[in-house]
file query-v4.json (JSON, C-alpha atoms)
[["chain", "number", "residue", "atom", "x", "y", "z"],
["U", 1436, "MET", "CA", 69.26, 147.12, 45.17],
["U", 1437, "LYS", "CA", 68.93, 147.77, 48.88],
["U", 1438, "LEU", "CA", 72.16, 147.48, 50.82],
["U", 1439, "ASN", "CA", 70.66, 144.96, 53.28],
["U", 1440, "LEU", "CA", 69.56, 142.68, 50.46],
["U", 1441, "PHE", "CA", 72.99, 142.88, 48.86],
["U", 1442, "TYR", "CA", 74.73, 141.82, 52.11],
["U", 1443, "SER", "CA", 72.19, 139.02, 52.58],
["U", 1444, "LEU", "CA", 72.94, 137.61, 49.17],
["U", 1445, "ILE", "CA", 76.69, 137.74, 49.82],
["U", 1446, "ILE", "CA", 76.16, 135.67, 52.99],
["U", 1447, "LEU", "CA", 73.54, 133.31, 51.63],
["U", 1448, "LEU", "CA", 74.92, 132.35, 48.24],
["U", 1449, "PRO", "CA", 78.03, 130.57, 49.59],
["U", 1450, "LEU", "CA", 75.83, 128.81, 52.16],
["U", 1451, "PHE", "CA", 73.51, 127.45, 49.50],
["U", 1452, "GLY", "CA", 76.51, 126.49, 47.39],
["U", 1453, "PHE", "CA", 77.86, 124.33, 50.19],
["U", 1454, "ALA", "CA", 76.30, 121.08, 51.31],
["U", 1455, "GLN", "CA", 74.01, 120.84, 54.33],
["U", 1456, "GLU", "CA", 76.89, 120.90, 56.78],
["U", 1457, "VAL", "CA", 80.12, 122.87, 56.57],
["U", 1458, "LYS", "CA", 83.15, 122.88, 58.87],
["U", 1459, "ILE", "CA", 86.03, 125.30, 58.28],
["U", 1460, "LYS", "CA", 89.21, 125.48, 60.36],
["U", 1461, "ILE", "CA", 89.76, 129.08, 61.44],
["U", 1462, "LEU", "CA", 92.39, 128.57, 64.18],
["U", 1463, "PRO", "CA", 94.43, 125.49, 65.28],
["U", 1464, "PHE", "CA", 91.81, 124.38, 67.80],
["U", 1465, "ILE", "CA", 88.78, 126.19, 66.41],
["U", 1466, "ASP", "CA", 86.48, 125.23, 63.53],
["U", 1467, "ALA", "CA", 83.59, 127.33, 62.27],
["U", 1468, "THR", "CA", 80.50, 125.22, 61.62],
["U", 1469, "THR", "CA", 77.23, 125.83, 59.81],
["U", 1470, "SER", "CA", 74.49, 123.35, 59.07],
["U", 1471, "ILE", "CA", 71.06, 123.66, 57.55],
["U", 1472, "LYS", "CA", 68.37, 121.26, 58.80],
["U", 1473, "ASP", "CA", 64.61, 121.49, 58.40],
["U", 1474, "GLY", "CA", 64.75, 125.12, 57.25],
["U", 1475, "GLN", "CA", 66.91, 126.12, 60.22],
["U", 1476, "ILE", "CA", 70.50, 127.29, 60.19],
["U", 1477, "GLU", "CA", 73.00, 126.60, 62.96],
["U", 1478, "VAL", "CA", 76.12, 128.73, 63.18],
["U", 1479, "GLY", "CA", 78.96, 128.75, 65.70],
["U", 1480, "PRO", "CA", 82.53, 127.84, 66.52],
["U", 1481, "GLU", "CA", 83.75, 124.42, 67.70],
["U", 1482, "ILE", "CA", 86.66, 124.50, 70.11],
["U", 1483, "ASN", "CA", 88.70, 121.29, 70.41],
["U", 1484, "TRP", "CA", 91.41, 120.33, 72.84],
["U", 1485, "GLU", "CA", 93.13, 116.95, 72.67],
["U", 1486, "LYS", "CA", 96.02, 115.24, 74.47],
["U", 1487, "VAL", "CA", 96.39, 112.04, 72.48],
["U", 1488, "GLU", "CA", 99.17, 110.45, 74.61],
["U", 1489, "SER", "CA", 96.99, 110.44, 77.72],
["U", 1490, "GLY", "CA", 93.75, 109.77, 75.79],
["U", 1491, "LYS", "CA", 91.98, 112.96, 76.94],
["U", 1492, "SER", "CA", 89.89, 115.11, 74.61],
["U", 1493, "PHE", "CA", 87.45, 117.93, 75.17],
["U", 1494, "PHE", "CA", 85.25, 120.00, 72.91],
["U", 1495, "LEU", "CA", 83.04, 123.02, 73.44],
["U", 1496, "ARG", "CA", 80.48, 124.14, 70.87],
["U", 1497, "PRO", "CA", 78.33, 127.23, 71.32],
["U", 1498, "ILE", "CA", 75.74, 127.48, 68.53],
["U", 1499, "LEU", "CA", 73.00, 129.88, 67.50],
["U", 1500, "ARG", "CA", 70.06, 128.30, 65.67],
["U", 1501, "MET", "CA", 67.48, 130.34, 63.77],
["U", 1502, "PRO", "CA", 65.03, 129.85, 60.94],
["U", 1503, "LEU", "CA", 66.42, 130.30, 57.47],
["U", 1504, "THR", "CA", 62.97, 130.49, 55.93],
["U", 1505, "SER", "CA", 59.55, 131.35, 57.22],
["U", 1506, "GLU", "CA", 57.04, 128.57, 56.60],
["U", 1507, "THR", "CA", 54.03, 130.89, 56.57],
["U", 1508, "ASP", "CA", 55.46, 133.74, 54.52],
["U", 1509, "LYS", "CA", 57.74, 131.58, 52.32],
["U", 1510, "LEU", "CA", 60.45, 134.16, 52.80],
["U", 1511, "ILE", "CA", 64.12, 133.98, 53.65],
["U", 1512, "GLU", "CA", 64.34, 135.36, 57.18],
["U", 1513, "ILE", "CA", 68.04, 135.67, 57.73],
["U", 1514, "ASP", "CA", 68.25, 139.13, 56.17],
["U", 1515, "ARG", "CA", 65.86, 140.53, 58.78],
["U", 1516, "PHE", "CA", 65.29, 140.08, 62.47],
["U", 1517, "ALA", "CA", 64.33, 136.45, 63.12],
["U", 1518, "PRO", "CA", 61.70, 136.41, 65.89],
["U", 1519, "THR", "CA", 62.57, 132.81, 66.80],
["U", 1520, "TRP", "CA", 66.07, 131.74, 67.87],
["U", 1521, "ARG", "CA", 67.79, 129.24, 70.11],
["U", 1522, "ALA", "CA", 71.26, 129.27, 71.68],
["U", 1523, "ASN", "CA", 72.86, 125.94, 72.37],
["U", 1524, "LEU", "CA", 76.02, 125.19, 74.36],
["U", 1525, "SER", "CA", 77.39, 121.65, 74.23],
["U", 1526, "LEU", "CA", 80.53, 120.23, 75.77],
["U", 1527, "GLN", "CA", 82.04, 116.75, 75.77],
["U", 1528, "TYR", "CA", 84.92, 115.14, 77.63],
["U", 1529, "THR", "CA", 86.36, 111.82, 76.48],
["U", 1530, "GLN", "CA", 88.82, 109.61, 78.32],
["U", 1531, "ASP", "CA", 90.30, 106.82, 76.23],
["U", 1532, "ASN", "CA", 92.33, 104.33, 78.24],
["U", 1533, "THR", "CA", 93.34, 102.11, 75.32],
["U", 1534, "ALA", "CA", 97.01, 101.12, 75.33],
["U", 1535, "GLU", "CA", 99.21, 99.26, 72.82],
["U", 1536, "THR", "CA", 98.00, 95.95, 74.20],
["U", 1537, "GLY", "CA", 94.97, 94.87, 76.19],
["U", 1538, "SER", "CA", 91.33, 95.79, 75.95],
["U", 1539, "ILE", "CA", 89.75, 98.89, 74.41],
["U", 1540, "LYS", "CA", 88.19, 101.20, 77.03],
["U", 1541, "ARG", "CA", 86.63, 104.56, 76.29],
["U", 1542, "HIS", "CA", 84.26, 106.85, 78.25],
["U", 1543, "SER", "CA", 82.54, 110.03, 77.01],
["U", 1544, "ILE", "CA", 80.49, 112.44, 79.10],
["U", 1545, "ALA", "CA", 78.54, 115.19, 77.37],
["U", 1546, "ALA", "CA", 76.29, 118.01, 78.54],
["U", 1547, "GLN", "CA", 74.10, 120.41, 76.61],
["U", 1548, "PHE", "CA", 72.27, 123.60, 77.57],
["U", 1549, "GLU", "CA", 69.70, 125.31, 75.37],
["U", 1550, "TYR", "CA", 67.86, 128.57, 75.69],
["U", 1551, "GLY", "CA", 65.59, 130.15, 73.10],
["U", 1552, "ALA", "CA", 62.84, 132.64, 72.44],
["U", 1553, "SER", "CA", 59.88, 132.32, 70.09],
["U", 1554, "GLU", "CA", 57.34, 134.90, 69.02],
["U", 1555, "PHE", "CA", 53.69, 133.84, 68.91],
["U", 1556, "LYS", "CA", 50.80, 135.77, 67.36],
["U", 1557, "TYR", "CA", 47.14, 135.34, 68.19],
["U", 1558, "HIS", "CA", 43.83, 137.11, 67.73],
["U", 1559, "PRO", "CA", 41.87, 137.21, 71.02],
["U", 1560, "THR", "CA", 38.79, 138.79, 69.48],
["U", 1561, "ALA", "CA", 38.87, 136.48, 66.46],
["U", 1562, "SER", "CA", 39.49, 139.49, 64.25],
["U", 1563, "GLU", "CA", 42.60, 139.96, 62.09],
["U", 1564, "SER", "CA", 42.83, 143.60, 63.18],
["U", 1565, "THR", "CA", 43.48, 142.77, 66.82],
["U", 1566, "GLU", "CA", 46.71, 140.82, 66.62],
["U", 1567, "VAL", "CA", 48.60, 140.24, 69.86],
["U", 1568, "LYS", "CA", 52.26, 139.21, 69.89],
["U", 1569, "THR", "CA", 53.97, 137.49, 72.78],
["U", 1570, "VAL", "CA", 57.51, 136.19, 73.20],
["U", 1571, "GLU", "CA", 58.01, 133.01, 75.24],
["U", 1572, "SER", "CA", 61.28, 131.45, 76.42],
["U", 1573, "SER", "CA", 62.15, 127.79, 76.06],
["U", 1574, "TYR", "CA", 65.00, 125.98, 77.75],
["U", 1575, "ALA", "CA", 66.44, 122.51, 78.02],
["U", 1576, "PHE", "CA", 69.41, 120.66, 79.43],
["U", 1577, "GLU", "CA", 70.74, 117.17, 79.00],
["U", 1578, "VAL", "CA", 73.58, 114.96, 80.19],
["U", 1579, "LYS", "CA", 74.82, 111.95, 78.28],
["U", 1580, "TYR", "CA", 77.26, 109.12, 78.88],
["U", 1581, "ILE", "CA", 78.62, 106.84, 76.16],
["U", 1582, "GLY", "CA", 81.05, 104.04, 76.94],
["U", 1583, "PHE", "CA", 82.78, 101.65, 74.57],
["U", 1584, "PHE", "CA", 84.41, 98.41, 75.64],
["U", 1585, "THR", "CA", 85.81, 95.44, 73.77],
["U", 1586, "LYS", "CA", 88.63, 92.96, 74.20],
["U", 1587, "GLY", "CA", 90.32, 94.15, 71.01],
["U", 1588, "GLU", "CA", 90.38, 90.70, 69.44],
["U", 1589, "SER", "CA", 88.84, 89.33, 66.25],
["U", 1590, "GLY", "CA", 85.26, 88.28, 66.86],
["U", 1591, "ALA", "CA", 85.17, 89.86, 70.35],
["U", 1592, "LYS", "CA", 81.90, 91.34, 71.60],
["U", 1593, "GLN", "CA", 81.67, 95.16, 71.51],
["U", 1594, "PHE", "CA", 79.68, 96.89, 74.27],
["U", 1595, "SER", "CA", 78.57, 100.50, 74.15],
["U", 1596, "PRO", "CA", 76.39, 101.39, 77.16],
["U", 1597, "GLN", "CA", 74.65, 104.76, 76.78],
["U", 1598, "PHE", "CA", 72.71, 106.89, 79.22],
["U", 1599, "ARG", "CA", 70.86, 110.13, 78.48],
["U", 1600, "LEU", "CA", 68.84, 112.41, 80.74],
["U", 1601, "ARG", "CA", 67.04, 115.39, 79.23],
["U", 1602, "TYR", "CA", 64.70, 117.99, 80.61],
["U", 1603, "SER", "CA", 63.05, 120.40, 78.22],
["U", 1604, "HIS", "CA", 60.53, 123.18, 78.62],
["U", 1605, "ASP", "CA", 59.25, 124.08, 75.15],
["U", 1606, "TRP", "CA", 56.64, 126.44, 73.81],
["U", 1607, "LYS", "CA", 54.91, 125.41, 70.59],
["U", 1608, "ALA", "CA", 52.21, 127.24, 68.68],
["U", 1609, "ALA", "CA", 48.75, 125.67, 68.80],
["U", 1610, "LYS", "CA", 46.90, 124.98, 65.58],
["U", 1611, "GLU", "CA", 44.72, 127.81, 64.28],
["U", 1612, "VAL", "CA", 41.11, 127.61, 65.38],
["U", 1613, "GLY", "CA", 38.23, 129.03, 63.37],
["U", 1614, "VAL", "CA", 35.24, 130.55, 65.17],
["R", 581, "MET", "CA", 118.19, 108.78, 71.68],
["R", 582, "GLU", "CA", 117.61, 112.16, 70.01],
["R", 583, "ALA", "CA", 114.62, 112.37, 67.66],
["R", 584, "THR", "CA", 115.86, 113.72, 64.33],
["R", 585, "LYS", "CA", 113.89, 112.01, 61.55],
["R", 586, "ASP", "CA", 110.57, 113.33, 60.25],
["R", 587, "CYS", "CA", 107.68, 110.91, 60.44],
["R", 588, "THR", "CA", 104.13, 111.23, 59.13],
["R", 589, "ILE", "CA", 101.41, 108.62, 59.59],
["R", 590, "SER", "CA", 97.69, 108.61, 58.87],
["R", 591, "LEU", "CA", 94.70, 106.31, 59.10],
["R", 592, "GLU", "CA", 91.55, 106.79, 57.04],
["R", 593, "PRO", "CA", 88.38, 104.78, 56.38],
["R", 594, "VAL", "CA", 87.91, 103.16, 52.96],
["R", 595, "ALA", "CA", 84.77, 101.00, 53.20],
["R", 596, "GLY", "CA", 82.40, 99.67, 55.83],
["R", 597, "SER", "CA", 81.84, 100.81, 59.39],
["R", 598, "LEU", "CA", 84.93, 101.78, 61.40],
["R", 599, "THR", "CA", 84.58, 102.71, 65.08],
["R", 600, "LEU", "CA", 88.05, 103.50, 66.40],
["R", 601, "PHE", "CA", 91.54, 104.13, 65.03],
["R", 602, "TYR", "CA", 94.70, 103.98, 67.17],
["R", 603, "ALA", "CA", 98.35, 104.34, 66.18],
["R", 604, "PHE", "CA", 101.31, 104.08, 68.55],
["R", 605, "VAL", "CA", 104.81, 105.21, 67.58],
["R", 606, "ASN", "CA", 107.56, 103.66, 69.73],
["R", 607, "GLY", "CA", 104.93, 102.87, 72.37],
["R", 608, "GLU", "CA", 103.36, 106.37, 72.54],
["R", 609, "LYS", "CA", 99.78, 106.90, 71.41],
["R", 610, "LYS", "CA", 99.80, 109.35, 68.48],
["R", 611, "ILE", "CA", 96.45, 108.77, 66.77],
["R", 612, "ASN", "CA", 93.16, 108.32, 68.57],
["R", 613, "SER", "CA", 90.17, 108.82, 66.31],
["R", 614, "ASN", "CA", 86.54, 107.77, 66.22],
["R", 615, "GLY", "CA", 86.83, 106.17, 62.78],
["R", 616, "THR", "CA", 87.45, 109.38, 60.85],
["R", 617, "LYS", "CA", 90.63, 110.29, 58.97],
["R", 618, "LYS", "CA", 93.41, 111.34, 61.31],
["R", 619, "GLY", "CA", 97.14, 111.91, 60.94],
["R", 620, "TRP", "CA", 100.22, 112.65, 63.00],
["R", 621, "SER", "CA", 103.52, 114.29, 62.11],
["R", 622, "GLY", "CA", 106.58, 114.54, 64.31],
["R", 623, "LYS", "CA", 110.20, 113.55, 64.86],
["R", 624, "VAL", "CA", 111.39, 110.02, 65.59],
["R", 625, "PRO", "CA", 114.84, 108.70, 66.65],
["R", 626, "ASP", "CA", 117.35, 107.81, 63.95],
["R", 627, "ALA", "CA", 117.25, 104.13, 64.97],
["R", 628, "LYS", "CA", 114.38, 101.78, 64.08],
["R", 629, "VAL", "CA", 110.83, 103.07, 64.39],
["R", 630, "ARG", "CA", 108.09, 100.80, 65.71],
["R", 631, "ILE", "CA", 104.53, 101.67, 64.63],
["R", 632, "LYS", "CA", 101.59, 99.71, 65.98],
["R", 633, "ILE", "CA", 98.03, 100.21, 64.72],
["R", 634, "ARG", "CA", 94.83, 98.97, 66.32],
["R", 635, "ILE", "CA", 91.53, 99.33, 64.48],
["R", 636, "ILE", "CA", 88.02, 98.48, 65.68],
["R", 637, "GLY", "CA", 84.94, 98.31, 63.45],
["R", 638, "ILE", "CA", 82.23, 96.07, 62.12],
["R", 639, "ASP", "CA", 82.94, 92.80, 60.28],
["R", 640, "ASN", "CA", 85.36, 93.26, 57.37],
["R", 641, "ALA", "CA", 85.49, 97.04, 57.00],
["R", 642, "SER", "CA", 88.62, 98.36, 55.28],
["R", 643, "PHE", "CA", 90.92, 101.29, 55.95],
["R", 644, "LYS", "CA", 94.08, 102.88, 54.57],
["R", 645, "PHE", "CA", 97.29, 103.21, 56.57],
["R", 646, "SER", "CA", 99.89, 105.64, 55.21],
["R", 647, "PHE", "CA", 103.36, 106.43, 56.51],
["R", 648, "ASP", "CA", 106.26, 108.54, 55.34],
["R", 649, "ILE", "CA", 109.74, 108.58, 56.89],
["R", 650, "PRO", "CA", 111.95, 110.31, 54.30],
["R", 651, "GLY", "CA", 115.11, 108.31, 53.69],
["R", 652, "THR", "CA", 113.74, 105.20, 55.42],
["R", 653, "ALA", "CA", 110.27, 104.58, 53.97],
["R", 654, "ASN", "CA", 109.17, 107.17, 51.46],
["R", 655, "ALA", "CA", 105.40, 107.80, 51.19],
["R", 656, "GLN", "CA", 104.00, 104.28, 51.56],
["R", 657, "SER", "CA", 100.34, 103.33, 51.91],
["R", 658, "VAL", "CA", 98.45, 100.10, 52.27],
["R", 659, "THR", "CA", 94.74, 99.27, 52.32],
["R", 660, "LEU", "CA", 93.85, 96.66, 54.93],
["R", 661, "MET", "CA", 90.72, 94.84, 56.03],
["R", 662, "LEU", "CA", 89.46, 94.07, 59.54],
["R", 663, "LYS", "CA", 88.99, 90.47, 60.56],
["R", 664, "ASP", "CA", 85.70, 90.09, 62.44],
["R", 665, "GLY", "CA", 85.75, 93.70, 63.63],
["R", 666, "ASN", "CA", 89.38, 93.96, 64.67],
["R", 667, "TYR", "CA", 92.84, 94.58, 63.19],
["R", 668, "GLU", "CA", 96.22, 94.84, 64.85],
["R", 669, "ALA", "CA", 99.63, 95.10, 63.20],
["R", 670, "GLU", "CA", 103.13, 96.23, 64.06],
["R", 671, "PHE", "CA", 105.52, 97.80, 61.55],
["R", 672, "ILE", "CA", 109.24, 98.10, 62.25],
["R", 673, "LEU", "CA", 111.01, 100.57, 59.94]]

call {"tool": "encode", "arguments": {"input": "query-v4.json", "output": "structure tokens"}}
result
Amino acid sequence: MKLNLFYSLIILLPLFGFAQEVKIKILPFIDATTSIKDGQIEVGPEINWEKVESGKSFFLRPILRMPLTSETDKLIEIDRFAPTWRANLSLQYTQDNTAETGSIKRHSIAAQFEYGASEFKYHPTASESTEVKTVESSYAFEVKYIGFFTKGESGAKQFSPQFRLRYSHDWKAAKEVGV
Amino acid sequence: MEATKDCTISLEPVAGSLTLFYAFVNGEKKINSNGTKKGWSGKVPDAKVRIKIRIIGIDNASFKFSFDIPGTANAQSVTLMLKDGNYEAEFIL
């Protein structure tokens, strides 16, 4: 058995054994997270900071996302160089002003930055022998606000205004065309 | 007054949709969670301890409140239900 394959199995078997999303505490304020969605794996730490008395909390989550399987080749890609990947940095600050009495007031502001590269193949002369590969970068950013307000009484209305602004510049492969 | 007694409290969802959990010990906020299980452990003064919980959710969702103050209230827990999306209670131990 090739050494690379052996190491891949050691990494992959526990991942498949777990559910779709796993969070493990590695340090007091740091969790390691992995999740598998639509054939993609996301891996990275989650750093939390919280001051409960004053209602302030902050988290920072850098994540690397890459394909776990290749749709065209039906192969597990993680044991080799994945030509497509995306790095994602998200941060969130929450201020909760709720006291022992009175109304419930909570504000959260979040931001996210993404950068990724994808490899595309095409055949300019319509012949399989002349394959051209190109790598294109994609990027995106978003800001988000979520508020939560209620009187804190039975039957009181609960309001949660939300605002999201996202800009994304994505490359996607076109469908194959026969000539 | 000097804080000498150990105190552990926790709030966790049981059924339904819970949005926010708060617990205050002697007036200080110790638990602030978005409806997921959360606990706090620390020291409290030897005199009476006042714990107030405030829970927000949807309709009649239920949650479990646990507390443990060795020598005063050993490992107690109670499952409670919101009333029209809200629950507030004060425990004096």

call {"tool": "atom_distance", "arguments": {"input": "query-v4.json", "atom1": "atom CA of Glu1554 of chain U", "atom2": "atom CA of Ile1476 of chain U"}}
result
17.6 Å

call {"tool": "atom_distance", "arguments": {"input": "query-v4.json", "atom1": "atom CA of Pro1559 of chain U", "atom2": "atom CA of Lys1610 of chain U"}}
result
14.3 Å

call {"tool": "interface_residues", "arguments": {"input": "query-v4.json", "of": "chain R", "to": "chain U", "cutoff": "8 Å", "atoms": "all atoms listed in the file", "output": "ChimeraX atom specification"}}
result
/R:604,607-612,632,634,636,663-667

call {"tool": "residues_near_point", "arguments": {"input": "query-v4.json", "point": "(86.6, 112.2, 78.9)", "cutoff": "7 Å", "atoms": "only C-alpha atoms", "output": "number ranges by chain"}}
result
U: 1491-1493, 1528-1530, 1542-1544

call {"tool": "closest_residue", "arguments": {"input": "query-v4.json", "among": "R:Leu591, R:Val624, R:Ala641, R:Ala603", "to": "Leu662 of chain R", "atoms": "only C-alpha atoms"}}
result
R:Ala641

call {"tool": "closest_residue", "arguments": {"input": "query-v4.json", "among": "U:Val1457, U:Val1570, U:Ala1552, U:Ile1465", "to": "Leu1495 of chain U", "atoms": "only C-alpha atoms"}}
result
U:Ile1465

call {"tool": "residues_around", "arguments": {"input": "query-v4.json", "residues": "Pro650 of chain R", "least_positions_apart": "2", "cutoff": "10 Å", "atoms": "all atoms listed in the file", "output": "count of residues only"}}
result
10

call {"tool": "atom_distance", "arguments": {"input": "query-v4.json", "atom1": "atom CA of Val629 of chain R", "atom2": "atom CA of Phe601 of chain R"}}
result
19.3 Å

call {"tool": "axis_aligned_box", "arguments": {"input": "query-v4.json", "around": "segment 1533-1551 of chain U", "padding_each_side": "4 Å", "output": "lines of an AutoDock Vina configuration file"}}
result
center_x = 82.4
center_y = 112.5
center_z = 76.0
size_x = 41.6
size_y = 43.3
size_z = 14.3

call {"tool": "closest_residue", "arguments": {"input": "query-v4.json", "among": "R:Thr599, R:Ser646, R:Ser657, R:Asn640", "to": "Trp620 of chain R", "atoms": "all atoms listed in the file"}}
result
R:Ser646

call {"tool": "residues_around", "arguments": {"input": "query-v4.json", "residues": "Ala1608 of chain U", "least_positions_apart": "3", "cutoff": "12 Å", "atoms": "only C-alpha atoms", "output": "list of chain:residue names"}}
result
U:Thr1519, U:Ser1553, U:Glu1554, U:Phe1555, U:Lys1556, U:Tyr1557, U:Thr1569, U:Val1570, U:Glu1571, U:Asp1605, U:Glu1611, U:Val1612

call {"tool": "closest_residue", "arguments": {"input": "query-v4.json", "among": "R:Val594, R:Ile649, R:Arg630, R:Ser613", "to": "Ala669 of chain R", "atoms": "only C-alpha atoms"}}
result
R:Arg630
